[in-house]
Amino acid sequence: MNHPTQNEWLKYLDGEASPKEVKHLLEHLEQCPMCATELAGWKRSVQKLQRMPFPAPGEVRPGQRRDMTPVFTLVKWGLAAAIVLCAGFAFGRLSAMHSVSLERTVAARVQDDFRRELRADLLAALDPEQEVKDEFQKQLRFEVQNAQTKSNARLYRDFTQVVLQQRQEDQQRVLALVTDVREQQITDCLALRRDLETAVSMADSDLRQNRRQITQLTDTLLTVQK
Amino acid sequence: MGKMSFLMPLFSMSDEQAMWRVQMTDDHAAFGQLVQRWEQPILRLCARMSGSLQQAEDLKQETFTRIFVRRKDFRQGCKFSTWLWRIALNLCYDELRKRQRRGESPLEGEIEEGGDAREHASEEPSPDSRLASLEECELVRGALLRLPDAHRAVLVLRYCEGLKLREIADILEIPETTASSRIAVGLAQITRLLEPQFDEIKGKVC
């Protein structure tokens with residue numbers, strides 16, 4: 001016979017078996033007196049364990065005399081301190097709420113004066129004529145001068161850049177002009193050569209014509225002499 | 001009430017919230033709340049594990065001291081009670097092992113100061129049922145102490161303290177099936193101790 005495992009019995013005992021499991025287990029119980037007895041015994045043991053009183057009759061807590069152990073003394077004083085602190089805090093918070101509006105009025109008045117003073121300080125610091133009054137002004141002036149120096153350096157750098165750029169541009173322009181001039185010269189030369197060639201060829205053809213004419217004349221002359 | 005309402009959390013914090021305050025600010029009030037809430041269950045566990053109320057007081061003290069000393073070890077997000085039970089149980093095991101090494105016999109139904117149980121009982125009108133339950137209580141206590149430490153622990157946690165299987169498994173850091181087996185074996189054993197006629201049934205594996 002296949003008996004259910006101890007874990008399965010326990011699940012049933014604890015009421016955590018599924019309906020299907022319960023059915024299977026109950027069926028087995030009907031057929032197996034041994035398991036039935038065992039399970040019944042377990043049930044009784046569980047009940048005995050569950051109803052064990054504490055402390056057991058006859059057990060006397062010796063702690064009645066020493067119920068204030070160091071831990072609990074600490075806790076008692078800690079709790080008292082905590083309550084006092086909380087009370088003090090509560091009172092503090094209560095009084096704090098009344099002074100809020102007072103604070104606001106005072107703050108407003110203080111702010112204006114403060115602003116005026118700060119402005120005066122700043123202006124004094126920046127005016128090179130005036131003597132520095134304190135560390136703050138000295139620092140401020142130094143910072144401002146530093147900033148000015150830095151900005152001057154930047155300006156100079158920018159200016160230099162511009163000048164260089166300008167020079168470059170000029171150079172390029174000059175170069176362009178020179179190039180133009182040269183090209184023009186070349187063009188002119190070419191034209192002159194062409195003219196000369198034309199003149200030469202014209203002269204050449206003139207010469208030929210003259211020679212012919214001269215030949216003709218000579219022939220004519222010779223014929224007349226005969 | 002509105003202005004004082006910030007005091008409310010002090011009196012109705014969860015264990016984990018209280019422990020947070022203890023960890024962060026050494027809040028003694030919060031710690032005191034934890035002690036108040038848990039001292040009885042821990043005392044019960046220690047008494048049933050050790051068999052001695054006197055010893056149980058010491059063990060309980062030690063448990064809460066350790067909780068405070070090791071407060072930084074508690075990981076938020078975990079259940080405080082699991083950690084607490086575990087610390088208490090380990091202290092009980094340590095004590096029991098020490099006793100074993102000293103060669104002392106396991107205490108059985110030790111009765112202190114109040115004298116014999118029956119003397120007390122006879123001072124008052126004692127119906128049979130009361131005597132019977134007295135006897136039964138003694139029997140169960142004795143039987144528990146005769147179990148191996150590990151089986152005693154799971155039975156006490158499960159049936160005396162009413163913890164679920166899941167939590168017992170977490171406390172002991174074992175799988176649920178292992179915890180379940182241990183309980184089953186413990187039940188089988190204690191049944192035989194409480195009802196001697198069971199010895200006649202051959203220890204069969206169900």
# chains A, B, ... in the order shown; residues from 1 in each chain; ligands from 1
>>> closest_atom_pairs(of="chain A", to="chain B", cutoff="7 Å", atoms="only C-alpha atoms", output="JSON lines")
{"residue": "A:His3", "atom": "CA", "partner": "B:Cys206", "partner_atom": "CA", "distance": 5.4}
{"residue": "A:Pro4", "atom": "CA", "partner": "B:Cys206", "partner_atom": "CA", "distance": 5.8}
{"residue": "A:Thr5", "atom": "CA", "partner": "B:Cys206", "partner_atom": "CA", "distance": 5.2}
{"residue": "A:Gln6", "atom": "CA", "partner": "B:Cys206", "partner_atom": "CA", "distance": 5.7}
{"residue": "A:Asn7", "atom": "CA", "partner": "B:Ser181", "partner_atom": "CA", "distance": 5.9}
{"residue": "A:Leu10", "atom": "CA", "partner": "B:Ala184", "partner_atom": "CA", "distance": 6.3}
{"residue": "A:Cys35", "atom": "CA", "partner": "B:Cys206", "partner_atom": "CA", "distance": 7.0}
{"residue": "A:Gly41", "atom": "CA", "partner": "B:Thr191", "partner_atom": "CA", "distance": 5.9}
{"residue": "A:Trp42", "atom": "CA", "partner": "B:Leu187", "partner_atom": "CA", "distance": 6.0}
{"residue": "A:Ser45", "atom": "CA", "partner": "B:Thr191", "partner_atom": "CA", "distance": 5.8}
{"residue": "A:Val46", "atom": "CA", "partner": "B:Tyr159", "partner_atom": "CA", "distance": 6.5}
{"residue": "A:Leu49", "atom": "CA", "partner": "B:Cys160", "partner_atom": "CA", "distance": 5.9}
{"residue": "A:Gln50", "atom": "CA", "partner": "B:Cys160", "partner_atom": "CA", "distance": 5.2}
{"residue": "A:Met52", "atom": "CA", "partner": "B:Cys137", "partner_atom": "CA", "distance": 5.9}
{"residue": "A:Ala56", "atom": "CA", "partner": "B:Cys137", "partner_atom": "CA", "distance": 6.9}
{"residue": "A:Pro57", "atom": "CA", "partner": "B:Leu134", "partner_atom": "CA", "distance": 6.6}
{"residue": "A:Gly58", "atom": "CA", "partner": "B:Ala117", "partner_atom": "CA", "distance": 4.8}
{"residue": "A:Glu59", "atom": "CA", "partner": "B:Ile111", "partner_atom": "CA", "distance": 5.7}
{"residue": "A:Val60", "atom": "CA", "partner": "B:Gly114", "partner_atom": "CA", "distance": 5.9}
{"residue": "A:Arg61", "atom": "CA", "partner": "B:Leu53", "partner_atom": "CA", "distance": 6.6}
{"residue": "A:Pro62", "atom": "CA", "partner": "B:Gln54", "partner_atom": "CA", "distance": 6.5}
{"residue": "A:Val75", "atom": "CA", "partner": "B:Gly32", "partner_atom": "CA", "distance": 5.4}
{"residue": "A:Gly78", "atom": "CA", "partner": "B:His28", "partner_atom": "CA", "distance": 5.2}
{"residue": "A:Leu79", "atom": "CA", "partner": "B:Ala29", "partner_atom": "CA", "distance": 4.8}
{"residue": "A:Ala82", "atom": "CA", "partner": "B:Ala29", "partner_atom": "CA", "distance": 6.8}
>>> write_last_selection(atoms="N, CA and C atoms", output="short mmCIF file (atom, residue, chain, number, x, y, z; two decimals), in the first residue's frame")
data_model
loop_
_atom_site.label_atom_id
_atom_site.label_comp_id
_atom_site.auth_asym_id
_atom_site.auth_seq_id
_atom_site.Cartn_x
_atom_site.Cartn_y
_atom_site.Cartn_z
N HIS A 3 1.56 4.70 1.22
CA HIS A 3 1.14 5.63 2.26
C HIS A 3 1.54 7.06 1.91
N PRO A 4 0.70 8.03 2.26
CA PRO A 4 1.11 9.43 2.08
C PRO A 4 2.35 9.74 2.93
N THR A 5 3.13 10.71 2.50
CA THR A 5 4.36 11.06 3.24
C THR A 5 4.02 11.86 4.50
N GLN A 6 5.00 11.96 5.38
CA GLN A 6 4.82 12.73 6.60
C GLN A 6 4.47 14.19 6.28
N ASN A 7 5.16 14.72 5.26
CA ASN A 7 4.89 16.12 4.89
C ASN A 7 3.45 16.30 4.44
N LEU A 10 1.24 16.36 7.43
CA LEU A 10 1.39 17.62 8.14
C LEU A 10 0.59 18.72 7.47
N CYS A 35 -2.21 4.54 9.74
CA CYS A 35 -2.09 5.97 9.48
C CYS A 35 -3.10 6.76 10.28
N GLY A 41 -2.87 10.61 16.85
CA GLY A 41 -1.87 10.90 17.88
C GLY A 41 -1.23 12.25 17.65
N TRP A 42 -0.91 12.51 16.42
CA TRP A 42 -0.31 13.80 16.06
C TRP A 42 -1.25 14.95 16.43
N SER A 45 -1.19 15.64 20.06
CA SER A 45 0.06 16.30 20.45
C SER A 45 0.02 17.78 20.10
N VAL A 46 -0.50 18.07 18.91
CA VAL A 46 -0.59 19.47 18.48
C VAL A 46 -1.45 20.25 19.45
N LEU A 49 0.35 20.89 22.68
CA LEU A 49 1.35 21.94 22.52
C LEU A 49 0.70 23.32 22.48
N GLN A 50 -0.42 23.38 21.76
CA GLN A 50 -1.08 24.67 21.58
C GLN A 50 -1.69 25.20 22.86
N MET A 52 -0.52 24.70 25.93
CA MET A 52 0.43 24.81 27.04
C MET A 52 0.42 26.23 27.58
N ALA A 56 4.26 28.00 33.10
CA ALA A 56 3.60 26.78 33.55
C ALA A 56 3.27 26.92 35.03
N PRO A 57 2.20 26.29 35.47
CA PRO A 57 1.87 26.35 36.89
C PRO A 57 3.05 25.83 37.69
N GLY A 58 3.44 26.56 38.70
CA GLY A 58 4.60 26.14 39.48
C GLY A 58 5.85 26.88 39.05
N GLU A 59 5.81 27.42 37.84
CA GLU A 59 6.94 28.23 37.40
C GLU A 59 6.72 29.62 37.93
N VAL A 60 7.66 30.06 38.73
CA VAL A 60 7.54 31.42 39.23
C VAL A 60 8.63 32.24 38.58
N ARG A 61 8.26 33.39 38.09
CA ARG A 61 9.26 34.23 37.46
C ARG A 61 10.15 34.83 38.52
N PRO A 62 11.39 34.41 38.56
CA PRO A 62 12.31 35.00 39.54
C PRO A 62 12.55 36.47 39.23
N VAL A 75 15.98 52.01 28.90
CA VAL A 75 14.80 52.30 28.08
C VAL A 75 13.89 53.28 28.80
N GLY A 78 15.50 56.60 28.71
CA GLY A 78 15.50 57.04 27.31
C GLY A 78 14.12 57.55 26.92
N LEU A 79 13.12 56.81 27.34
CA LEU A 79 11.75 57.19 27.02
C LEU A 79 11.39 58.51 27.70
N ALA A 82 13.11 61.22 25.93
CA ALA A 82 12.46 61.45 24.63
C ALA A 82 11.19 62.27 24.80
#
>>> atom_distance(atom1="CA of Glu16 (chain A)", atom2="CA of Leu39 (chain A)")
15.3 Å
>>> residues_around(residues="Thr63 (chain B)", least_positions_apart="6", cutoff="10 Å", atoms="only C-alpha atoms", output="PyMOL selection string")
chain B and resi 39+42-43+46+57+69+84-92
>>> closest_residue(among="A:Asp188, A:Asp204, A:Glu21, A:Asp121", to="Glu135 (chain A)", atoms="only C-alpha atoms")
A:Asp121
>>> atom_distance(atom1="CA of Ser101 (chain A)", atom2="CA of Arg119 (chain A)")
27.6 Å
>>> decode(residues="region 39-58 of chain B", atoms="N, CA and C atoms", output="PDB file, in the first residue's frame")
ATOM      1  N   GLU B  39       9.169  40.822  24.234  1.00  0.00           N
ATOM      2  CA  GLU B  39       9.843  40.118  25.331  1.00  0.00           C
ATOM      3  C   GLU B  39       9.118  38.862  25.774  1.00  0.00           C
ATOM      4  N   GLN B  40       7.786  38.884  25.780  1.00  0.00           N
ATOM      5  CA  GLN B  40       7.059  37.690  26.205  1.00  0.00           C
ATOM      6  C   GLN B  40       7.254  36.510  25.258  1.00  0.00           C
ATOM      7  N   PRO B  41       7.016  36.691  23.954  1.00  0.00           N
ATOM      8  CA  PRO B  41       7.252  35.562  23.042  1.00  0.00           C
ATOM      9  C   PRO B  41       8.673  35.020  23.127  1.00  0.00           C
ATOM     10  N   ILE B  42       9.649  35.916  23.223  1.00  0.00           N
ATOM     11  CA  ILE B  42      11.040  35.463  23.292  1.00  0.00           C
ATOM     12  C   ILE B  42      11.289  34.720  24.598  1.00  0.00           C
ATOM     13  N   LEU B  43      10.718  35.232  25.672  1.00  0.00           N
ATOM     14  CA  LEU B  43      10.864  34.552  26.952  1.00  0.00           C
ATOM     15  C   LEU B  43      10.266  33.150  26.887  1.00  0.00           C
ATOM     16  N   ARG B  44       9.100  33.041  26.262  1.00  0.00           N
ATOM     17  CA  ARG B  44       8.437  31.744  26.121  1.00  0.00           C
ATOM     18  C   ARG B  44       9.308  30.768  25.341  1.00  0.00           C
ATOM     19  N   LEU B  45       9.845  31.248  24.226  1.00  0.00           N
ATOM     20  CA  LEU B  45      10.704  30.386  23.416  1.00  0.00           C
ATOM     21  C   LEU B  45      11.887  29.895  24.230  1.00  0.00           C
ATOM     22  N   CYS B  46      12.551  30.821  24.898  1.00  0.00           N
ATOM     23  CA  CYS B  46      13.750  30.460  25.659  1.00  0.00           C
ATOM     24  C   CYS B  46      13.420  29.521  26.809  1.00  0.00           C
ATOM     25  N   ALA B  47      12.275  29.734  27.425  1.00  0.00           N
ATOM     26  CA  ALA B  47      11.879  28.864  28.539  1.00  0.00           C
ATOM     27  C   ALA B  47      11.618  27.451  28.044  1.00  0.00           C
ATOM     28  N   ARG B  48      10.935  27.345  26.910  1.00  0.00           N
ATOM     29  CA  ARG B  48      10.617  26.012  26.389  1.00  0.00           C
ATOM     30  C   ARG B  48      11.832  25.323  25.811  1.00  0.00           C
ATOM     31  N   MET B  49      12.753  26.095  25.295  1.00  0.00           N
ATOM     32  CA  MET B  49      13.968  25.492  24.759  1.00  0.00           C
ATOM     33  C   MET B  49      14.892  25.052  25.889  1.00  0.00           C
ATOM     34  N   SER B  50      15.015  25.856  26.913  1.00  0.00           N
ATOM     35  CA  SER B  50      15.995  25.563  27.960  1.00  0.00           C
ATOM     36  C   SER B  50      15.414  24.800  29.138  1.00  0.00           C
ATOM     37  N   GLY B  51      14.103  24.861  29.280  1.00  0.00           N
ATOM     38  CA  GLY B  51      13.462  24.169  30.394  1.00  0.00           C
ATOM     39  C   GLY B  51      13.578  24.910  31.706  1.00  0.00           C
ATOM     40  N   SER B  52      14.145  26.104  31.681  1.00  0.00           N
ATOM     41  CA  SER B  52      14.319  26.829  32.936  1.00  0.00           C
ATOM     42  C   SER B  52      13.919  28.279  32.750  1.00  0.00           C
ATOM     43  N   LEU B  53      13.052  28.727  33.600  1.00  0.00           N
ATOM     44  CA  LEU B  53      12.578  30.105  33.492  1.00  0.00           C
ATOM     45  C   LEU B  53      13.697  31.086  33.833  1.00  0.00           C
ATOM     46  N   GLN B  54      14.478  30.703  34.803  1.00  0.00           N
ATOM     47  CA  GLN B  54      15.628  31.527  35.208  1.00  0.00           C
ATOM     48  C   GLN B  54      16.558  31.737  34.018  1.00  0.00           C
ATOM     49  N   GLN B  55      16.881  30.613  33.392  1.00  0.00           N
ATOM     50  CA  GLN B  55      17.760  30.657  32.221  1.00  0.00           C
ATOM     51  C   GLN B  55      17.121  31.472  31.116  1.00  0.00           C
ATOM     52  N   ALA B  56      15.816  31.312  30.987  1.00  0.00           N
ATOM     53  CA  ALA B  56      15.094  32.002  29.925  1.00  0.00           C
ATOM     54  C   ALA B  56      15.215  33.521  30.077  1.00  0.00           C
ATOM     55  N   GLU B  57      15.152  33.989  31.314  1.00  0.00           N
ATOM     56  CA  GLU B  57      15.292  35.425  31.566  1.00  0.00           C
ATOM     57  C   GLU B  57      16.645  35.907  31.064  1.00  0.00           C
ATOM     58  N   ASP B  58      17.689  35.142  31.417  1.00  0.00           N
ATOM     59  CA  ASP B  58      19.036  35.524  30.971  1.00  0.00           C
ATOM     60  C   ASP B  58      19.144  35.518  29.455  1.00  0.00           C
TER      61      ASP B  58
END
